[in-house]
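Okay, structure first, notes after.
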Amino acid sequence: MLSEKWRYNEMVHSGVDFSDSNEVQVYDSYMQKLRDISPEVKKMKDVLQLGTNDIVLDIGAGTGEMAIGLAAHCKHVLAFDISAVMIECAKQKAIKRQCNNITFAQAGFLTFMQPLHSIDRIISQFALHHLPDFWKFVGLQQIHSALKPGGIFCLQDAVLPVKNDYESYFSEVVRQVEGGGGSKVARDTEKTFRDEYLTLDWILEGLLEKAGFRIVSREYGAPFVGTYLCTK
């Protein structure tokens, strides 16, 4: 266990402050309109090769859509997020949808507590970039320790490609996001670039491998999204 005196405080929100209930409501409303969660859940279930006896850990679970969707296909889901407001929102959704095999907790990559080799499948979507690179690595090590041998880890996160001109790249990404989601989402994207800890795609691949994972596949999509399927 790392000394609390020098541990990074992952509970302090970088970028958008999701300890604010208004921000969480806006986020969830936008995601409900933007996402078609059913095919996302099916794809994730297939990617994870999910079985009915598997235990799944979702780190950065947000308002719970993926965790609730996967819970119908496995034994139990652990849904963790650093935002207590996010977790409460997810918990209320689960109650309304009569989903009883999820454990919710306020925790992140550095603070979640699970026994060694106890989790069959782990997922994380758009959460790791809230940590500086060194702490990303520490978090990935902890995920690796919790995962069973032969277990699967699927990471989807915001990463940057190598570019000669980032000013024009960022401007074009913000323009595209604004066209699809409006000015609020565009401003949040600017905060992501400015205040959060996006890393380069090749660095994140190295962090995964150094943490002990074998990268089975990698996929880069627009804008600035990397998806990594890994095994232990």
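By order in the structure tokens, chains are A, B, ...; within a chain, residues start at 1; ligands start at 1, following the order shown.
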Compile the contact shell of A:Asp188 as a ChimeraX atom specification: residues with an atom at most 12 Å away, counting only C-alpha atoms, same-chain residues fewer than 2 positions apart removed. /A:14-18,23,26-27,174,177-178,181-186,190-196
I'd like the neighbourhood of A:Trp202 as a list in words, where a residue qualifies if any of its atoms comes within 9 Å (using only C-alpha atoms), though same-chain residues fewer than 6 positions away should be ignored. Leu160, Pro161 and Val162 of chain A
Which neighbours of A:Leu70 fall inside 9 Å, counting only C-alpha atoms, when residues of the same chain fewer than 3 positions from it are skipped, and could you give them as a ChimeraX atom specification? /A:41-42,44-45,50,56,65-67,73-74,76-77
How about saving the chosen residues, all heavy atoms kept, as a compact mmCIF listing (two decimals), in the first residue's frame?
# COMPACT_ATOMS: atom_id res chain seq x y z
N VAL A 41 -23.27 -2.42 -25.25
CA VAL A 41 -23.20 -3.50 -24.26
C VAL A 41 -22.95 -4.83 -24.94
O VAL A 41 -22.12 -5.63 -24.49
CB VAL A 41 -24.50 -3.56 -23.42
CG1 VAL A 41 -24.54 -4.83 -22.57
CG2 VAL A 41 -24.61 -2.32 -22.54
N LYS A 42 -23.66 -5.09 -26.05
CA LYS A 42 -23.47 -6.35 -26.77
C LYS A 42 -22.03 -6.49 -27.25
O LYS A 42 -21.41 -7.56 -27.13
CB LYS A 42 -24.43 -6.45 -27.95
CG LYS A 42 -24.33 -7.77 -28.70
CD LYS A 42 -25.26 -7.83 -29.88
CE LYS A 42 -25.20 -9.21 -30.54
NZ LYS A 42 -23.82 -9.62 -30.94
N MET A 44 -19.34 -5.01 -26.00
CA MET A 44 -18.46 -5.20 -24.87
C MET A 44 -18.58 -6.62 -24.33
O MET A 44 -17.57 -7.26 -23.97
CB MET A 44 -18.78 -4.19 -23.78
CG MET A 44 -17.85 -4.27 -22.56
SD MET A 44 -16.12 -3.87 -22.95
CE MET A 44 -16.24 -2.06 -23.06
N LYS A 45 -19.79 -7.16 -24.25
CA LYS A 45 -19.99 -8.53 -23.79
C LYS A 45 -19.22 -9.51 -24.68
O LYS A 45 -18.56 -10.44 -24.17
CB LYS A 45 -21.48 -8.88 -23.81
CG LYS A 45 -21.80 -10.32 -23.40
CD LYS A 45 -23.29 -10.57 -23.41
CE LYS A 45 -23.85 -10.66 -24.81
NZ LYS A 45 -23.44 -11.92 -25.51
N LEU A 50 -17.76 -12.70 -22.16
CA LEU A 50 -18.33 -12.69 -20.83
C LEU A 50 -19.16 -13.94 -20.57
O LEU A 50 -19.99 -14.35 -21.39
CB LEU A 50 -19.21 -11.45 -20.66
CG LEU A 50 -19.57 -11.03 -19.24
CD1 LEU A 50 -18.33 -10.77 -18.42
CD2 LEU A 50 -20.44 -9.77 -19.28
N VAL A 56 -17.22 -8.84 -12.93
CA VAL A 56 -16.72 -7.73 -13.74
C VAL A 56 -16.50 -6.51 -12.87
O VAL A 56 -17.34 -6.17 -12.03
CB VAL A 56 -17.72 -7.39 -14.87
CG1 VAL A 56 -17.23 -6.19 -15.69
CG2 VAL A 56 -17.95 -8.58 -15.78
N GLU A 65 -24.52 3.13 -17.11
CA GLU A 65 -25.19 2.46 -18.21
C GLU A 65 -24.50 1.15 -18.62
O GLU A 65 -25.15 0.12 -18.80
CB GLU A 65 -25.29 3.39 -19.42
CG GLU A 65 -26.22 4.57 -19.24
CD GLU A 65 -27.68 4.15 -19.13
OE1 GLU A 65 -28.02 3.02 -19.53
OE2 GLU A 65 -28.48 4.96 -18.62
N MET A 66 -23.18 1.16 -18.76
CA MET A 66 -22.48 -0.05 -19.17
C MET A 66 -22.52 -1.10 -18.07
O MET A 66 -22.74 -2.30 -18.33
CB MET A 66 -21.03 0.27 -19.53
CG MET A 66 -20.21 -0.93 -20.02
SD MET A 66 -20.89 -1.73 -21.50
CE MET A 66 -20.54 -0.48 -22.74
N ALA A 67 -22.32 -0.69 -16.82
CA ALA A 67 -22.34 -1.63 -15.70
C ALA A 67 -23.70 -2.33 -15.61
O ALA A 67 -23.77 -3.56 -15.43
CB ALA A 67 -22.02 -0.91 -14.40
N HIS A 73 -25.55 -10.17 -17.94
CA HIS A 73 -24.84 -11.25 -18.63
C HIS A 73 -23.74 -11.89 -17.79
O HIS A 73 -22.96 -12.69 -18.30
CB HIS A 73 -24.23 -10.70 -19.92
CG HIS A 73 -25.22 -10.04 -20.82
ND1 HIS A 73 -26.11 -10.75 -21.59
CD2 HIS A 73 -25.48 -8.71 -21.05
CE1 HIS A 73 -26.87 -9.91 -22.28
NE2 HIS A 73 -26.51 -8.67 -21.97
N CYS A 74 -23.66 -11.54 -16.51
CA CYS A 74 -22.59 -12.08 -15.67
C CYS A 74 -23.09 -12.30 -14.25
O CYS A 74 -24.25 -11.99 -13.93
CB CYS A 74 -21.37 -11.15 -15.69
SG CYS A 74 -21.64 -9.56 -14.90
N HIS A 76 -21.76 -10.93 -11.30
CA HIS A 76 -21.77 -9.73 -10.47
C HIS A 76 -20.91 -8.65 -11.12
O HIS A 76 -19.92 -8.96 -11.79
CB HIS A 76 -21.24 -10.02 -9.07
CG HIS A 76 -21.64 -8.99 -8.06
ND1 HIS A 76 -22.86 -9.02 -7.42
CD2 HIS A 76 -20.99 -7.91 -7.58
CE1 HIS A 76 -22.94 -7.98 -6.59
NE2 HIS A 76 -21.81 -7.30 -6.67
N VAL A 77 -21.30 -7.40 -10.91
CA VAL A 77 -20.54 -6.25 -11.38
C VAL A 77 -20.16 -5.37 -10.20
O VAL A 77 -21.00 -5.08 -9.34
CB VAL A 77 -21.33 -5.41 -12.42
CG1 VAL A 77 -20.55 -4.15 -12.80
CG2 VAL A 77 -21.63 -6.23 -13.66
Picked from stretch 8-227 of chain A by DSSP as alpha helix (DSSP H), as a PyMOL selection string: chain A and resi 21-34+37-48+65-71+84-96+133-146+166-181+183-195+201-210
Two-atom distance - atom CA of A:Ile102, atom CA of A:Ser19 (Å):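 It comes out at 21.6 Å.
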